[in-house]
Amino acid sequence: MSRYNIKEAENKWRKIWLERKSFEVTEDTNKDKYYVLAMFPYPSGRIHMGHVRNYSLSDVVARYRKALGYNVLNPMGWDALGLPAENAAIENNTHPAKWTYSNIEAMRDQLKSMGLAIDWSRDIATCAPDYYKHEQKMFLDFYKKGLAYRKESVVNWDPVENTVLANEQVVDGKGWRSGVPVERRKLNQWFLKITEYADDLLAALKTMDGWPEKVRIMQENWIGKSFGAQFKFDLIGSDEQVEVFTTRPDTLFGASFVALSPDHPMAEQLAGDKEGFETFQAKCRSVGTSEAAIEQAEKIGFDTGHKVKHPFIEGAELPVYIANFILMDYGTGAIFGCPAHDQRDLDFARKYGLDVIPVVIPEDEDPATFTIENEAYTGPGKLANSDFLSGLAVDVAIQTAIKKIEELGKGTGVTQFRLRDWGVSRQRYWGCPVPFIHCDSCGLVPVPEEDLPVQLPDDVSFDKPGNPLDHHPTWKHVKCPCCGKDAVRETDTFDTFFESSWYFARYCDAHNEHEGFAKDKAAYWLPVDQYIGGVEHAVLHLLYSRFFTRALSACGYMDIDEPFTRLYTQGMVNHATYKDENGKWVFPKDVQKDENGHWVLVDGGASVTQGNVVKMSKSKKNVIDPQDPLDTYGADAIRLFILSDSPPDRDLEWSEAGLEGAWRFINKLYRQLMTAKEHMPESCDTTPESFSDSAKKLRSTTHATIAGVANDIESFQMNKAVAKIRELSNHLGEFKAEEESDYWAMREGYERLICCMNPMIPHLAEELWEILGHDTILADTRWPEVDESLLTSDTVTIAVQVNGKMRATITLPKDADKEMAEKAALSESGVQRAVGDKEIRKVIVVPNRIVNIVVG
RNA sequence: GCGGGUGUGGCGGAAUUGGUAGACGCGCUGGAUUUAGGUUCCAGUGGCCUUAGGCCGUGGGGGUUCAAGUCCCUUCACCCGCACCA
């Protein structure tokens, strides 16, 4: 018997699918559409295992839905703008465009070798001017709608490289290349008004039941709607005021200080001339702009020496601090501190010797004796030591305090969001240019639509630090479209989340030159029925896309609010890490076990230590290039393995042994079918008049498998679907056929098995389908029908417990009554032994489930 | 720090959603075939006890229940995100 020639067969089928344009689609109103979308890759150079996992999953969905008769759109493209291309340009002296496009070529070939059911005619790259020109138009429309504006905001600044640093480029508060402490710098930047939709984005989450609960919760927390009071403290010895926001106005009587963010406009003014302030500022500046960095930094404060009046207590004064843990972007950038009921305030108060006054007393505590030690009390209770609030419950006290603040004219109750507007400005070359012109006479002037796209110049140099667009000799110098005088282009480019916020719409009409997409085509395909991607995108990309969809609809581009009906977030692909004797990371392929079972370098045999199993990442070198297993074992094996063991939403540990197991299964199945086909009928077209008991049993397994696999695919439990396929193949392998109906059932079993595995391992499935004599191809074949009558059995085996411990199993007719079940249970020897001479107190019978005999 | 998640044999995981814990696979052990090895096939495989059989067992502790991996309380460990990485 010939062996399965994986390479030959896989190439053959990929060619056939391509020639037949099996996965190219057009709008067809006679068919229900199904849009399955996997997050598009950044063209970093090579595909990684995360891609393999992502696209294996979307491919299962695409092929399954196609088999169900849907008009399936499953596109692919490239999130091609971004920082790594510029880094490569600096390091390898290549142009970002050249680097990016050659990466795309390489990765496209790699993806094609996976045999994905993709409509490659819709391939897009976001770095192409014919892609980004449409988003420049969108931006101008957003601007007209008042959804885009400019304001000052803080960036990480590298004083040596004279460049803005991404958070990623800040390592321990220092620039990654220069090694000098980063500074914060304020720049005028472009923003999109996502906060305009905060309420809507939040409310819609409630109805999005196609999304994982955890993602909805994360977005809910990210948007962070809260209700509180915004009010002003009068600054003593001045007619100025400090405005704060608080969700806990009820604790105002416990206030012991007021604190401002170091970025607060008043900070400089209140403390600028004080001794030590400069040192303090320098310390704050060195923390970086990321929220994690700020929150985790040691809490430090600077006493401005100024004081404010307590709004409720006549004559009481509170010191004004500047504190590094106050975020300028949240609320008003200033707070009042109530140490007894907020942990951060408590830590701060302990450090600077400020009062800790409990004003909320837990139910079971005595106000006279209740004190706070090292833990702030944030739970419910009754107010105390709080004048007109004393005795009230927290929620009532909050309302009462706000009412009082409003009566006093100091402030109001407000709804506050944690969500900030989306800063889209980047001071980089490899991004979409912001289509604006700065004119000394006319101010900010939008680039006229007929002048779009504003194209990136090709001749740029990365020798000089800073933004290449800014120091390009000619690019930015233009005539003002309004007055014709000399003017300069905006040199900021967009955040690359901009491109990924609408690419799903571009796929609907990928080659439209005149507009981003035709409205009717988008209306046919959108929203995406099933979106699949990494959980790391749970908030930013997914929230930006939801916002963008609303903004585009507001500007008349489309008529939907939500872009993704169902969302699935896959887990990561992990691998062990290795370090050599110098503590440097080492690739798994450079490591092997020696005869004593210790990890050593392949080259030289020096000792290596194994570290944690974590997400595959270039920086830790714990990566496996999918190309190696693709070449060795073929696409089906790698697809099967990556779908097999772990549930798709959980992290998966890459395993060579597991991959080999998948490969063995493929070969085994081929052999098994080649043997079996000798005896099976030519087709299943003529159904036998009667079936043997063994044929009946096999058929019931077959049909249960079809139903089970379909169910598992729909609920994204691909690992279980694979297990069921293996089980059926095991059954078929062990099946002893004796008569005609047995052979018929066997053929039916194999045919259905092949259809079931087609979404996962399509090359082998097509090959076996052909071997069975079909002149159709599986890519065009419908999902097999389930004969429901074969799924029900007339007997059921259930467990018998004695005092909750399993002692026997009994087989009963389905839906047998309680007496019958009880009788059968008590007649089992194992049960009698366990009961012994103890008294039977109760017998619990759950029909078709369990019998539990309680003795004592 | 804040937010989200995960924890079941040597390993990845399954468990009809409160009802037979360990499906399916990897690994391992023994055997057969072939052999230079791999491949392939058969059998076994949670731990402990001397067996028919029994006891223990789902990160730890406590609880609810006839019955808990599943529900409640508490605790520990690890992983992910945090707005300029994509």
# chains A, B, ... in the order shown; residues from 1 in each chain; ligands from 1
call {"tool": "closest_atom_pairs", "arguments": {"of": "chain A", "to": "chain B", "cutoff": "6 Å", "atoms": "only C-alpha atoms (C1' of nucleotides)", "output": "CSV"}}
result
residue,atom,partner,partner_atom,distance
A:Ala166,CA,B:C84,C1',4.1
A:Asn167,CA,B:C84,C1',5.9
A:Glu168,CA,B:C85,C1',6.0
A:Ala292,CA,B:C82,C1',6.0
A:Glu295,CA,B:G1,C1',4.8
A:Gln296,CA,B:G1,C1',5.1
A:Asp645,CA,B:G12,C1',5.4
A:Gly658,CA,B:C26,C1',5.6
A:Ala723,CA,B:C24,C1',4.4
A:Ala799,CA,B:U20,C1',5.1
A:Gly804,CA,B:A67,C1',5.2
A:Ile850,CA,B:G19,C1',5.8
call {"tool": "select_by_dssp", "arguments": {"residues": "stretch 158-342 of chain A", "states": "strand (DSSP E or B)", "output": "PyMOL selection string"}}
result
chain A and resi 158+163-165+170-171+174-175+181+183-192+225-235+241-246+257-260+301-309+317-323+334-337
call {"tool": "select_by_dssp", "arguments": {"residues": "stretch 715-840 of chain A", "states": "helix (DSSP H, G or I)", "output": "ChimeraX atom specification"}}
result
/A:718-734,740-757,762-771,778-780,788-790,818-826,829-835
call {"tool": "residues_around", "arguments": {"residues": "B:U65", "least_positions_apart": "5", "cutoff": "12 Å", "atoms": "only C-alpha atoms (C1' of nucleotides)", "output": "PyMOL selection string"}}
result
(chain A and resi 803-804) or (chain B and resi 18+71-72)
call {"tool": "closest_residue", "arguments": {"among": "A:Ala523, A:Val613, A:Leu791, A:Val396", "to": "A:Arg699", "atoms": "only C-alpha atoms"}}
result
A:Leu791
